[in-house]
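Chemist: Sharing run.txt here; it has compact mmCIF, C-alpha atoms.
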```txt
# COMPACT_ATOMS: atom_id res chain seq x y z
CA MET Z 421 22.12 215.26 -59.75
CA ALA Z 422 18.88 214.00 -61.22
CA ARG Z 423 16.35 212.50 -58.84
CA GLY Z 424 16.77 208.77 -58.18
CA THR Z 425 20.33 208.46 -59.45
CA TYR Z 426 22.23 208.72 -56.16
CA LEU Z 427 25.22 206.42 -56.08
CA GLY Z 428 25.42 203.72 -53.47
CA GLU Z 429 28.58 203.27 -51.42
CA PHE Z 430 29.76 200.24 -53.37
CA GLU Z 431 28.81 201.79 -56.71
CA LEU Z 432 30.88 204.85 -55.84
CA MET Z 433 33.83 202.63 -54.89
CA ALA Z 434 33.54 200.73 -58.17
CA LEU Z 435 33.45 203.97 -60.17
CA LEU Z 436 36.50 205.34 -58.32
CA ALA Z 437 38.35 202.09 -58.99
CA LEU Z 438 37.42 202.40 -62.67
CA ILE Z 439 38.82 205.93 -62.81
CA ARG Z 440 42.07 204.76 -61.18
CA LEU Z 441 42.50 201.78 -63.51
CA GLY Z 442 41.67 203.56 -66.74
CA GLU Z 443 41.58 201.37 -69.87
CA ASP Z 444 42.57 198.06 -68.25
CA ALA Z 445 39.65 197.78 -65.88
CA TYR Z 446 38.00 194.37 -65.81
CA GLY Z 447 36.56 192.33 -62.93
CA VAL Z 448 39.77 191.11 -61.28
CA PRO Z 449 41.74 194.40 -61.10
CA ILE Z 450 38.62 196.33 -60.10
CA CYS Z 451 38.08 193.91 -57.23
CA HIS Z 452 41.77 194.14 -56.22
CA GLU Z 453 41.66 197.93 -56.31
CA ILE Z 454 38.59 198.07 -54.08
CA GLU Z 455 40.15 195.59 -51.64
CA LYS Z 456 43.48 197.45 -51.60
CA ARG Z 457 41.98 200.88 -51.03
CA SER Z 458 39.12 199.98 -48.70
CA GLY Z 459 40.83 197.20 -46.75
CA ARG Z 460 37.75 194.99 -47.11
CA GLU Z 461 37.24 191.81 -49.12
CA ALA Z 462 35.01 192.42 -52.14
CA ALA Z 463 33.10 189.65 -53.88
CA LEU Z 464 33.50 189.54 -57.66
CA GLY Z 465 29.79 188.85 -57.99
CA SER Z 466 28.98 192.05 -56.09
CA VAL Z 467 31.40 194.02 -58.26
CA TYR Z 468 29.70 192.74 -61.42
CA ALA Z 469 26.24 193.37 -59.98
CA ALA Z 470 27.21 196.99 -59.16
CA LEU Z 471 28.81 197.50 -62.57
CA GLU Z 472 25.75 196.11 -64.36
CA ARG Z 473 23.53 198.49 -62.42
CA LEU Z 474 25.82 201.37 -63.36
CA GLU Z 475 25.79 200.25 -66.99
CA GLY Z 476 22.00 200.25 -66.88
CA LYS Z 477 22.12 203.88 -65.65
CA GLY Z 478 24.52 204.80 -68.44
CA LEU Z 479 27.39 205.63 -66.09
CA VAL Z 480 29.62 202.83 -67.36
CA THR Z 481 30.17 201.08 -70.71
CA SER Z 482 31.65 197.65 -71.30
CA ARG Z 483 33.20 195.69 -74.15
CA LEU Z 484 34.42 192.12 -74.48
CA GLY Z 485 38.17 191.66 -74.66
CA GLU Z 486 40.50 188.78 -75.30
CA SER Z 487 40.20 185.20 -74.07
CA THR Z 488 43.07 183.39 -72.38
CA ALA Z 489 43.66 179.76 -71.49
CA VAL Z 490 43.94 180.58 -67.77
CA ARG Z 491 40.39 181.93 -67.92
CA GLY Z 492 39.10 178.72 -69.51
CA GLY Z 493 38.68 180.50 -72.84
CA ARG Z 494 36.28 183.09 -71.47
CA ALA Z 495 36.62 186.66 -72.64
CA LYS Z 496 37.44 189.52 -70.30
CA ARG Z 497 34.84 192.24 -69.98
CA TYR Z 498 36.45 195.66 -69.86
CA PHE Z 499 34.58 198.50 -68.18
CA ARG Z 500 34.98 202.21 -68.73
CA ILE Z 501 33.41 205.19 -67.02
CA THR Z 502 31.30 207.47 -69.23
CA PRO Z 503 31.32 211.31 -69.08
CA GLN Z 504 27.95 211.06 -67.32
CA GLY Z 505 29.50 208.67 -64.77
CA LEU Z 506 32.33 211.11 -64.13
CA HIS Z 507 29.80 213.88 -63.63
CA GLU Z 508 27.86 211.75 -61.12
CA VAL Z 509 31.04 211.01 -59.15
CA ARG Z 510 31.81 214.72 -58.91
CA GLN Z 511 28.27 215.47 -57.78
CA THR Z 512 28.44 212.78 -55.11
CA GLN Z 513 31.82 214.05 -53.92
CA ARG Z 514 30.44 217.56 -53.65
CA ALA Z 515 27.38 216.37 -51.71
CA LEU Z 516 29.48 214.31 -49.31
CA VAL Z 517 31.96 217.12 -48.67
CA ASN Z 518 29.09 219.50 -47.96
CA LEU Z 519 27.60 217.04 -45.52
CA TRP Z 520 30.98 216.49 -43.89
CA ARG Z 521 31.78 220.14 -43.40
CA GLY Z 522 31.03 221.80 -40.04
CA LEU Z 523 30.39 218.67 -38.01
CA PRO Z 524 31.93 219.20 -34.55
CA GLU Z 525 32.06 215.43 -33.89
CA LEU Z 526 34.35 214.97 -36.90
CA GLU Z 527 36.51 218.04 -36.35
CA GLY Z 528 40.24 217.33 -36.43
CA SER Z 529 39.88 213.93 -38.19
CA ARG Z 530 40.60 213.39 -41.87
CA ALA Z 531 38.32 211.39 -44.15
CA MET Y 677 48.75 171.63 -65.69
CA LEU Y 678 46.08 174.18 -64.88
CA ARG Y 679 44.32 173.87 -61.51
CA ARG Y 680 40.69 172.91 -61.57
CA PRO Y 681 38.25 174.65 -59.23
CA PRO Y 682 35.90 172.52 -57.07
CA ALA Y 683 33.58 170.73 -59.51
CA LEU Y 684 30.49 171.14 -57.35
CA ALA Y 685 31.09 174.88 -56.98
CA VAL Y 686 31.50 175.23 -60.77
CA TRP Y 687 28.31 173.25 -61.32
CA LEU Y 688 26.40 175.40 -58.84
CA LEU Y 689 27.81 178.57 -60.36
CA ASP Y 690 26.66 177.48 -63.79
CA ARG Y 691 23.24 176.33 -62.58
CA LEU Y 692 22.35 179.02 -60.08
CA GLY Y 693 24.69 181.90 -60.84
CA TYR Y 694 24.24 184.14 -63.83
CA THR Y 695 27.46 183.08 -65.50
CA ARG Y 696 25.79 181.95 -68.69
CA GLN Y 697 24.77 185.54 -69.28
CA ASN Y 698 28.07 186.74 -67.98
CA ALA Y 699 30.87 184.40 -68.92
CA ALA Y 700 33.36 187.13 -68.00
CA LEU Y 701 32.54 186.68 -64.31
CA ALA Y 702 33.16 182.93 -64.52
CA GLY Y 703 36.43 183.69 -66.33
CA ASP Y 704 37.48 186.17 -63.62
CA LEU Y 705 36.79 183.65 -60.88
CA LEU Y 706 38.79 181.00 -62.73
CA GLU Y 707 41.66 183.42 -63.36
CA GLU Y 708 41.86 184.38 -59.68
CA PHE Y 709 41.67 180.74 -58.62
CA ARG Y 710 44.47 179.78 -60.98
CA ASN Y 711 46.53 182.72 -59.72
CA GLY Y 712 46.65 181.17 -56.27
CA ARG Y 713 43.32 181.69 -54.53
CA SER Y 714 42.10 178.79 -52.41
CA ALA Y 715 39.18 176.44 -53.00
CA GLY Y 716 37.50 178.06 -49.97
CA TRP Y 717 37.76 181.45 -51.66
CA TYR Y 718 36.19 180.00 -54.83
CA TRP Y 719 33.35 178.56 -52.78
CA ARG Y 720 32.74 181.87 -50.96
CA GLN Y 721 32.67 183.77 -54.25
CA THR Y 722 30.34 181.21 -55.80
CA LEU Y 723 27.89 181.47 -52.94
CA ALA Y 724 28.03 185.27 -53.11
CA VAL Y 725 27.28 185.18 -56.85
CA ILE Y 726 24.35 182.85 -56.28
CA ALA Y 727 22.98 185.06 -53.51
CA ASP Y 728 23.31 188.12 -55.77
CA SER Y 729 21.74 186.49 -58.80
CA PHE Y 730 18.80 184.78 -57.11
CA PRO Y 731 16.59 187.92 -57.13
CA GLN Y 732 17.36 188.31 -60.85
CA HIS Y 733 16.28 184.73 -61.47
CA LEU Y 734 13.07 185.26 -59.55
CA ALA Y 735 12.36 188.47 -61.44
CA SER Y 736 12.80 186.74 -64.81
CA LEU Y 737 10.70 183.84 -63.57
CA ALA Y 738 7.78 185.92 -62.24
CA PRO Y 739 5.71 186.32 -65.47
CA TYR Y 740 5.91 182.61 -66.25
CA LEU Y 741 4.99 181.53 -62.72
CA LEU Y 742 2.14 184.02 -62.71
CA ALA Y 743 0.75 182.61 -65.96
CA VAL Y 744 1.10 179.04 -64.72
CA SER Y 745 -0.51 179.87 -61.38
CA ALA Y 746 -3.37 181.74 -63.09
CA GLY Y 747 -4.07 178.68 -65.27
CA TYR Y 748 -4.10 176.51 -62.19
CA ALA Y 749 -6.32 178.99 -60.32
CA VAL Y 750 -8.98 178.56 -63.01
CA GLN Y 751 -8.54 174.81 -63.28
CA PHE Y 752 -8.81 174.09 -59.56
CA PRO Y 753 -12.36 175.46 -58.92
CA LEU Y 754 -13.60 173.92 -62.17
CA SER Y 755 -12.25 170.49 -61.20
CA TYR Y 756 -13.65 170.93 -57.69
CA ALA Y 757 -17.10 171.81 -59.06
CA LEU Y 758 -17.03 168.70 -61.27
CA TRP Y 759 -15.86 166.60 -58.32
CA SER Y 760 -18.80 167.94 -56.25
CA LEU Y 761 -21.18 166.89 -59.03
CA GLY Y 762 -19.59 163.43 -59.15
CA PHE Y 763 -18.26 163.92 -62.64
CA PRO Y 764 -16.63 162.19 -64.48
CA ARG Y 765 -17.85 158.74 -63.50
CA GLU Y 766 -15.39 155.89 -63.20
CA VAL Y 767 -15.41 153.61 -66.23
CA THR Y 768 -16.02 149.97 -65.46
CA GLY Y 769 -14.05 147.39 -67.38
CA SER Y 770 -10.96 145.21 -67.39
CA GLY Y 771 -7.48 146.47 -66.57
CA TRP Y 772 -6.51 146.28 -70.24
CA ALA Y 773 -9.49 148.40 -71.28
CA LYS Y 774 -8.55 150.99 -68.66
CA ALA Y 775 -4.93 150.95 -69.81
CA GLY Y 776 -6.09 151.50 -73.39
CA LEU Y 777 -8.32 154.34 -72.34
CA TRP Y 778 -5.47 155.82 -70.31
CA ALA Y 779 -3.14 155.76 -73.34
CA LEU Y 780 -5.82 157.23 -75.59
CA MET Y 781 -6.53 160.07 -73.20
CA GLN Y 782 -2.80 160.76 -72.75
CA ALA Y 783 -2.40 161.08 -76.52
CA ALA Y 784 -5.44 163.37 -76.66
CA ALA Y 785 -4.00 165.47 -73.80
CA TRP Y 786 -0.71 165.85 -75.66
CA PHE Y 787 -2.56 166.87 -78.80
CA ALA Y 788 -4.73 169.34 -76.88
CA VAL Y 789 -1.58 171.13 -75.66
CA ALA Y 790 0.62 170.70 -78.73
CA ALA Y 791 -1.94 171.75 -81.35
CA PRO Y 792 -2.38 175.33 -80.07
CA VAL Y 793 1.43 175.61 -79.84
CA LYS Y 794 1.72 174.54 -83.48
CA TRP Y 795 -1.03 176.95 -84.44
CA THR Y 796 0.48 179.87 -82.48
CA LEU Y 797 4.23 179.33 -82.74
CA GLY Y 798 4.49 177.05 -85.76
CA GLN Y 799 6.07 173.97 -84.20
CA TRP Y 800 4.73 170.71 -82.84
CA SER Y 801 5.68 170.71 -79.21
CA SER Y 802 4.01 170.43 -75.85
CA ARG Y 803 7.01 171.97 -74.13
CA VAL Y 804 6.06 175.59 -73.63
CA ARG Y 805 8.37 176.06 -70.66
CA PRO Y 806 11.73 176.08 -72.46
CA MET Y 807 10.30 178.25 -75.21
CA PHE Y 808 9.56 181.07 -72.78
CA PHE Y 809 13.18 181.24 -71.68
CA SER Y 810 14.55 181.05 -75.21
CA ALA Y 811 12.24 183.78 -76.51
CA GLY Y 812 14.77 186.43 -75.48
CA SER Y 813 13.56 190.01 -75.59
CA ASP Y 814 10.84 189.48 -78.23
CA ARG Y 815 7.89 190.85 -76.24
CA GLN Y 816 5.21 189.68 -78.64
CA LYS Y 817 6.56 186.14 -78.67
CA ARG Y 818 6.87 186.12 -74.89
CA ALA Y 819 3.26 187.28 -74.52
CA ARG Y 820 2.04 184.47 -76.80
CA ILE Y 821 4.11 181.93 -74.91
CA LEU Y 822 2.72 183.20 -71.59
CA ALA Y 823 -0.80 182.73 -72.90
CA LEU Y 824 0.15 179.21 -73.93
CA ALA Y 825 1.66 178.58 -70.49
CA TRP Y 826 -1.64 179.62 -68.93
CA TYR Y 827 -3.51 177.28 -71.26
CA GLU Y 828 -1.04 174.43 -70.70
CA SER Y 829 -1.32 174.74 -66.93
CA PHE Y 830 -5.12 174.82 -67.12
CA SER Y 831 -5.66 172.08 -69.70
CA PHE Y 832 -3.04 169.68 -68.36
CA GLY Y 833 -4.34 169.88 -64.80
CA PHE Y 834 -7.94 169.61 -65.92
CA TRP Y 835 -7.15 166.67 -68.20
CA CYS Y 836 -5.33 164.84 -65.44
CA TYR Y 837 -8.28 165.29 -63.11
CA CYS Y 838 -10.61 163.83 -65.75
CA LEU Y 839 -8.17 161.00 -66.46
CA CYS Y 840 -7.91 160.01 -62.81
CA GLY Y 841 -11.67 160.30 -62.36
CA VAL Y 842 -12.45 158.06 -65.35
CA VAL Y 843 -9.77 155.42 -65.00
CA PHE Y 844 -8.93 155.14 -61.33
CA TRP Y 845 -11.23 155.72 -58.45
CA ARG Y 846 -13.72 158.06 -56.89
CA PHE Y 847 -11.55 160.00 -54.43
CA SER Y 848 -12.61 161.76 -51.24
CA GLN Y 849 -12.45 165.52 -50.76
CA ALA Y 850 -9.25 165.23 -48.71
CA GLU Y 851 -7.67 163.07 -51.42
CA PHE Y 852 -8.82 165.50 -54.09
CA LEU Y 853 -7.12 168.41 -52.33
CA LYS Y 854 -4.00 166.35 -51.65
CA TYR Y 855 -3.64 165.23 -55.27
CA GLU Y 856 -4.35 168.68 -56.67
CA SER Y 857 -1.75 170.37 -54.47
CA THR Y 858 0.81 167.61 -55.10
CA TRP Y 859 0.16 167.92 -58.82
CA PHE Y 860 0.68 171.66 -58.70
CA VAL Y 861 3.92 171.51 -56.70
CA LEU Y 862 5.50 168.53 -58.46
CA TRP Y 863 4.40 168.95 -62.07
CA VAL Y 864 3.74 172.64 -62.46
CA PHE Y 865 5.60 174.80 -59.96
CA ALA Y 866 8.81 172.83 -59.30
CA PRO Y 867 9.68 172.15 -62.97
CA ALA Y 868 8.94 175.79 -63.78
CA VAL Y 869 11.35 176.95 -61.08
CA LEU Y 870 14.01 174.38 -61.99
CA SER Y 871 13.93 175.16 -65.67
CA ALA Y 872 14.03 178.87 -64.97
CA LEU Y 873 17.08 178.51 -62.78
CA ALA Y 874 18.78 176.52 -65.50
CA ALA Y 875 17.63 178.69 -68.35
CA PRO Y 876 19.46 181.69 -69.64
CA THR Y 877 17.79 184.98 -70.35
CA THR Y 878 19.20 187.49 -72.75
CA ARG Y 879 19.12 191.18 -72.11
CA ALA Y 880 19.23 194.05 -74.53
CA SER Y 881 22.47 195.28 -72.93
CA GLU Y 882 24.29 192.02 -73.71
CA PRO Y 883 26.80 192.13 -76.54
CA VAL Y 884 25.61 190.54 -79.80
CA GLU Y 885 28.03 187.65 -79.26
CA ASP Y 886 26.15 186.62 -76.15
CA ARG Y 887 22.81 186.61 -77.94
CA GLU Y 888 23.88 183.85 -80.34
CA PRO Y 889 21.33 181.08 -79.89
CA TRP Y 890 23.76 178.25 -79.37
CA LEU Y 891 25.26 180.08 -76.41
CA ALA Y 892 22.01 179.32 -74.65
CA ILE Y 893 22.89 175.67 -74.33
CA PRO Y 894 24.14 175.03 -70.81
CA GLN Y 895 27.90 175.12 -70.28
CA ARG Y 896 28.59 176.18 -73.80
CA GLU Y 897 31.65 178.03 -75.06
CA PRO Y 898 32.37 178.71 -78.71
CA VAL Y 899 36.09 178.46 -77.93
CA ILE Y 900 38.49 175.50 -77.80
CA THR Y 901 42.08 175.16 -76.71
CA VAL Y 902 44.33 173.23 -79.10
CA ALA Y 903 47.67 171.86 -77.91
CA LEU Y 904 50.29 172.26 -80.67
CA PRO Y 905 53.18 169.78 -81.17
CA ASP Y 906 55.74 172.40 -80.02
CA GLY Y 907 54.06 172.60 -76.61
CA ARG Y 908 52.12 175.81 -77.13
CA ALA Y 909 48.39 175.98 -76.58
CA ILE Y 910 46.23 178.28 -78.66
CA LEU Y 911 42.63 179.30 -78.36
CA LEU Y 912 40.44 178.91 -81.40
CA GLU Y 913 37.41 181.14 -81.35
CA ARG Y 914 34.42 180.56 -83.56
CA ASP Y 915 34.38 184.11 -84.89
CA ARG Y 916 38.12 184.62 -85.15
CA LEU Y 917 39.09 181.16 -86.31
CA ALA Y 918 41.11 182.09 -89.39
CA GLU Y 919 42.85 184.98 -87.62
CA SER Y 920 43.95 182.93 -84.61
CA THR Y 921 44.91 179.87 -86.70
CA PHE Y 922 47.28 181.85 -88.91
CA ALA Y 923 48.54 183.91 -85.97
CA ALA Y 924 49.65 180.66 -84.32
CA GLY Y 925 51.92 180.10 -87.34
CA ASP Y 926 51.80 176.32 -87.04
CA PRO Y 927 51.71 174.61 -90.46
CA GLU Y 928 50.15 171.42 -89.04
CA LEU Y 929 47.28 173.36 -87.49
CA ILE Y 930 46.74 175.29 -90.73
CA ARG Y 931 46.71 171.99 -92.66
CA VAL Y 932 44.19 170.43 -90.27
CA ALA Y 933 41.90 173.46 -90.29
CA PHE Y 934 42.12 174.71 -93.83
CA GLY Y 935 43.92 172.07 -95.91
CA ARG Y 936 41.14 169.49 -96.05
CA GLY Y 937 38.52 171.23 -98.15
CA LYS Y 938 36.15 171.96 -95.28
CA SER Y 939 34.06 175.09 -95.22
CA LEU Y 940 34.66 177.83 -92.67
CA ASP Y 941 31.11 177.39 -91.43
CA LEU Y 942 31.75 173.72 -90.73
CA LEU Y 943 34.96 174.57 -88.85
CA ARG Y 944 33.02 177.03 -86.73
CA ARG Y 945 30.44 174.40 -85.91
CA ALA Y 946 33.26 172.04 -84.91
CA ILE Y 947 34.60 174.70 -82.55
CA TRP Y 948 31.18 175.17 -81.00
CA LEU Y 949 30.83 171.44 -80.49
CA GLY Y 950 34.36 171.04 -79.13
CA GLY Y 951 33.92 174.04 -76.87
CA TYR Y 952 30.76 172.57 -75.48
CA ARG Y 953 32.31 169.17 -74.93
CA SER Y 954 35.56 170.41 -73.43
CA ARG Y 955 33.69 172.15 -70.66
CA SER Y 956 30.93 169.68 -70.16
CA TYR Y 957 31.02 168.05 -66.77
CA ILE Y 958 28.68 165.38 -68.06
CA GLN Y 959 30.84 164.32 -70.96
CA ARG Y 960 34.04 164.88 -68.98
CA ARG Y 961 36.37 165.80 -71.83
CA ALA Y 962 39.88 167.15 -71.48
CA GLU Y 963 40.40 170.91 -71.38
CA SER Y 964 42.47 170.98 -74.56
CA PHE Y 965 42.43 169.11 -77.86
CA THR Y 966 45.40 167.66 -79.71
CA LEU Y 967 45.61 168.29 -83.45
CA ALA Y 968 44.42 164.73 -84.15
CA GLU Y 969 41.42 165.23 -81.85
CA PHE Y 970 40.67 168.54 -83.52
CA ALA Y 971 40.77 166.87 -86.96
CA ALA Y 972 38.48 164.08 -85.69
CA LEU Y 973 36.09 166.71 -84.33
CA ILE Y 974 35.87 168.42 -87.71
CA ASP Y 975 35.24 165.07 -89.45
CA GLU Y 976 32.59 164.17 -86.90
CA THR Y 977 30.84 167.51 -87.43
CA ALA Y 978 30.97 167.00 -91.21
CA ARG Y 979 29.29 163.59 -90.89
CA THR Y 980 26.32 164.86 -88.88
CA LYS Y 981 23.50 167.02 -90.13
CA SER Y 982 23.70 169.50 -87.27
CA VAL Y 983 25.86 170.24 -84.27
CA ILE Y 984 22.98 169.26 -82.05
CA GLU Y 985 22.97 165.80 -83.58
CA ALA Y 986 26.71 165.54 -82.99
CA TRP Y 987 26.17 166.80 -79.47
CA TRP Y 988 23.96 163.79 -78.75
CA CYS Y 989 26.40 161.33 -80.30
CA LYS Y 990 29.47 159.78 -78.75
CA THR Y 991 28.06 159.42 -75.29
CA ASN Y 992 27.64 156.07 -73.66
CA ARG Y 993 24.20 154.93 -72.61
CA ARG Y 994 24.44 156.11 -69.01
CA GLU Y 995 25.81 159.52 -69.94
CA SER Y 996 23.25 159.83 -72.70
CA PHE Y 997 20.45 159.17 -70.22
CA ARG Y 998 21.80 161.83 -67.86
CA LEU Y 999 22.21 164.24 -70.72
CA ARG Y 1000 18.66 163.64 -71.90
CA LEU Y 1001 17.37 164.19 -68.38
CA LYS Y 1002 19.32 167.40 -68.22
CA VAL Y 1003 18.01 168.63 -71.57
CA TRP Y 1004 14.50 167.62 -70.55
CA PHE Y 1005 14.78 169.93 -67.55
CA CYS Y 1006 16.77 172.68 -69.20
CA GLY Y 1007 15.25 172.56 -72.65
CA ASP Y 1008 16.88 172.07 -76.03
CA TYR Y 1009 17.08 175.76 -76.82
CA ALA Y 1010 19.30 175.37 -79.83
CA ARG Y 1011 16.89 173.16 -81.74
CA SER Y 1012 14.01 175.56 -81.27
CA ASP Y 1013 16.21 178.45 -82.36
CA GLY Y 1014 17.18 176.70 -85.56
CA VAL Y 1015 20.87 176.07 -84.91
CA ARG Y 1016 22.39 173.90 -87.61
```
Would you kindly transcribe this structure into structure tokens?

Modeler:
Amino acid sequence: MARGTYLGEFELMALLALIRLGEDAYGVPICHEIEKRSGREAALGSVYAALERLEGKGLVTSRLGESTAVRGGRAKRYFRITPQGLHEVRQTQRALVNLWRGLPELEGSRA
Amino acid sequence: MLRRPPALAVWLLDRLGYTRQNAALAGDLLEEFRNGRSAGWYWRQTLAVIADSFPQHLASLAPYLLAVSAGYAVQFPLSYALWSLGFPREVTGSGWAKAGLWALMQAAAWFAVAAPVKWTLGQWSSRVRPMFFSAGSDRQKRARILALAWYESFSFGFWCYCLCGVVFWRFSQAEFLKYESTWFVLWVFAPAVLSALAAPTTRASEPVEDREPWLAIPQREPVITVALPDGRAILLERDRLAESTFAAGDPELIRVAFGRGKSLDLLRRAIWLGGYRSRSYIQRRAESFTLAEFAALIDETARTKSVIEAWWCKTNRRESFRLRLKVWFCGDYARSDGVR
């Protein structure tokens, strides 16, 4: 992993949610996915802030989708993980697993 | 009937959140709210968005505030030095003579600020503030506007000191400091912060659609919802007008949009105007248009020279005053960007 590109906890969660959702990932389902898997309420504003940061780093791309009446005519913004983003997730996973391994305090418990 | 989120929360979200740069977030919040979330949830989300976006606002504001503060930092010691020397001296004369002098000096002050703007940016205006926030990512233009902001802050403050010294009274040191600091907070710093919070900034990463100049007008949407006679509601988008009109397959809608000899460009302008009005909390229009209203909107747009002109029309006096106040604070970005 290049220096200065470590993923934050919430950024990692957003990227994992993106991978799970695939093509249909926009703000609402991403937020639901994070809430469902983590058991914590996630603010849509925080999700967008994290995704914008990730887009700035080139780990995510976005495109505008369709508008619907229920959204007040506003277009959806679909997000997609880039190959570089996928690589960063793998690197982070590897680093976390290495840190996890061999800790007597955490022996016998599953992450 | 679609549920409406709390009006104050929507207003705050639009003012202090970054939803004008990111309409998708506002759309997501609305979608969730209409899918059963509570008003309390909407409020919590709004406050979270504002808290997240405030540092971004401050970051975009920093160069402008720095320029304004630097101008003031030069003006203050100069005015203080003149005050120490007892300059300028109060003019003696009748109240009418002083009023005349006051008006003359005000006009000269306006000219002293507006002339360099005309010379540098090519337009007669003493309103540098909105220009900075509508300059987008043009670095050269932003640098010139920052220099003008410095000059405006300096010359306006200095002129006001001279004006007060000549026309009013010889103030004490304590009064001098009080008036200078009040001037800075009320007329320089506060309006700069307010206009920055209300002003959009475009970023290079934004899609081209979001960099359209008319999108910079507060609470704008180039989309309108039209209620068809058979009960359906369709969205007309400025860029996909023909596609969505024919996809709706309604002969009345096609007749209204394309059967009256209007140009596509005019129809797009009508959609921009309708989209703005339908979501304007000041003008308080309905969320969707009937076909007759849509036809009237097109005719209204055809009668006016520009959408901005139409935007000003059809508001009663009280609403017009509020709208003008709002534009005074937020800036008429569209006019300076040449929207027609």

Chemist: As a ChimeraX atom specification, please: the residues near region 916-919 of chain Y (cut-off 8 Å, all atoms listed in the file, same-chain neighbours under 4 positions excluded).

Modeler: /Y:912,923,944

Chemist: Just checking: using only C-alpha atoms, which residue out of Z:Gly522, Z:Gly465, Z:Gly459, Z:Gly478 ends up closest to chain Y?

Modeler: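 Between Z:Gly522, Z:Gly465, Z:Gly459, Z:Gly478, the residue approaching chain Y most closely is Z:Gly465.
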
Chemist: Taking only C-alpha atoms into account, which of Z:Leu438, Z:Val490, Z:Leu427, Z:Leu471 comes nearest chain Y?

Modeler: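 Of all the options, Z:Val490 lies closest to chain Y.
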
Chemist: Kindly determine which residues of chain Z lie within 10 Å of chain Y, considering only C-alpha atoms, and give the answer as a VMD selection string.

Modeler: chain Z and resid 446 to 449 462 to 469 472 475 to 476 481 to 485 487 to 498

Chemist: So which one's closest to Trp859 (chain Y), Y:Ala933, Y:Ala823, Y:Val842, Y:Cys836? Using only C-alpha atoms, please.

Modeler: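 Closest to Trp859 (chain Y), using only C-alpha atoms: Y:Cys836.
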
Chemist: Record the distance separating CA of Ala971 (chain Y) and CA of Val932 (chain Y), expressed in Å with one decimal.

Modeler: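 These two atoms are separated by 5.9 Å.
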
Chemist: Please, what distance in Å, to one decimal, runs between CA of Phe808 (chain Y) and CA of Leu949 (chain Y)?

Modeler: 24.6 Å

Chemist: One decimal, in Å: what's the spacing between CA of Lys477 (chain Z) and CA of Leu742 (chain Y)?

Modeler: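 Between these atoms lies a distance of 28.3 Å.
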
Chemist: My list of candidates is Z:Ile450, Z:Leu519, Z:Leu441, Z:Val480. Which is closest to Leu506 (chain Z) when distances are computed with only C-alpha atoms?

Modeler: Z:Val480

Chemist: Excluding region 776-784 of chain Y and any residue of its chain fewer than 6 positions from it, enumerate the residues within 12 Å of it, using all atoms listed in the file, and give them as a list of chain:residue names.

Modeler: Y:Glu766, Y:Val767, Y:Thr768, Y:Gly769, Y:Ser770, Y:Ala790, Y:Ala791, Y:Ser802, Y:Ser831, Y:Phe832, Y:Trp835, Y:Cys836, Y:Tyr837, Y:Cys838, Y:Leu839, Y:Cys840, Y:Gly841, Y:Val842, Y:Val843, Y:Phe844

Chemist: Please save C-alpha atoms of the selected residues as an mmCIF file, in the coordinates of the input.

Modeler:
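Output saved as result.cif:
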```
data_model
loop_
_atom_site.group_PDB
_atom_site.id
_atom_site.type_symbol
_atom_site.label_atom_id
_atom_site.label_comp_id
_atom_site.auth_asym_id
_atom_site.auth_seq_id
_atom_site.Cartn_x
_atom_site.Cartn_y
_atom_site.Cartn_z
ATOM 1 C CA GLU Y 766 -15.390 155.890 -63.200
ATOM 2 C CA VAL Y 767 -15.410 153.610 -66.230
ATOM 3 C CA THR Y 768 -16.020 149.970 -65.460
ATOM 4 C CA GLY Y 769 -14.050 147.390 -67.380
ATOM 5 C CA SER Y 770 -10.960 145.210 -67.390
ATOM 6 C CA ALA Y 790 0.620 170.700 -78.730
ATOM 7 C CA ALA Y 791 -1.940 171.750 -81.350
ATOM 8 C CA SER Y 802 4.010 170.430 -75.850
ATOM 9 C CA SER Y 831 -5.660 172.080 -69.700
ATOM 10 C CA PHE Y 832 -3.040 169.680 -68.360
ATOM 11 C CA TRP Y 835 -7.150 166.670 -68.200
ATOM 12 C CA CYS Y 836 -5.330 164.840 -65.440
ATOM 13 C CA TYR Y 837 -8.280 165.290 -63.110
ATOM 14 C CA CYS Y 838 -10.610 163.830 -65.750
ATOM 15 C CA LEU Y 839 -8.170 161.000 -66.460
ATOM 16 C CA CYS Y 840 -7.910 160.010 -62.810
ATOM 17 C CA GLY Y 841 -11.670 160.300 -62.360
ATOM 18 C CA VAL Y 842 -12.450 158.060 -65.350
ATOM 19 C CA VAL Y 843 -9.770 155.420 -65.000
ATOM 20 C CA PHE Y 844 -8.930 155.140 -61.330
#
```

Chemist: Determine the nearest neighbour of Gln849 (chain Y) from the options Y:Gly925, Y:Gly762, Y:Pro905, Y:Gly712, counting only C-alpha atoms.

Modeler: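 Among the listed residues, the smallest separation from Gln849 (chain Y) belongs to Y:Gly762.
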
Chemist: Give me the residues near Thr512 (chain Z) as a list in words, where near means some atom within 10 Å (using all atoms listed in the file) and where sequence neighbours in that chain fewer than 3 positions away do not count.

Modeler: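 Final neighbour list, sorted by chain and number: Met421, Tyr426, Leu427, Gly428, Leu432, Leu506, His507, Glu508, Val509, Ala515, Leu516, Val517 and Asn518 of chain Z.
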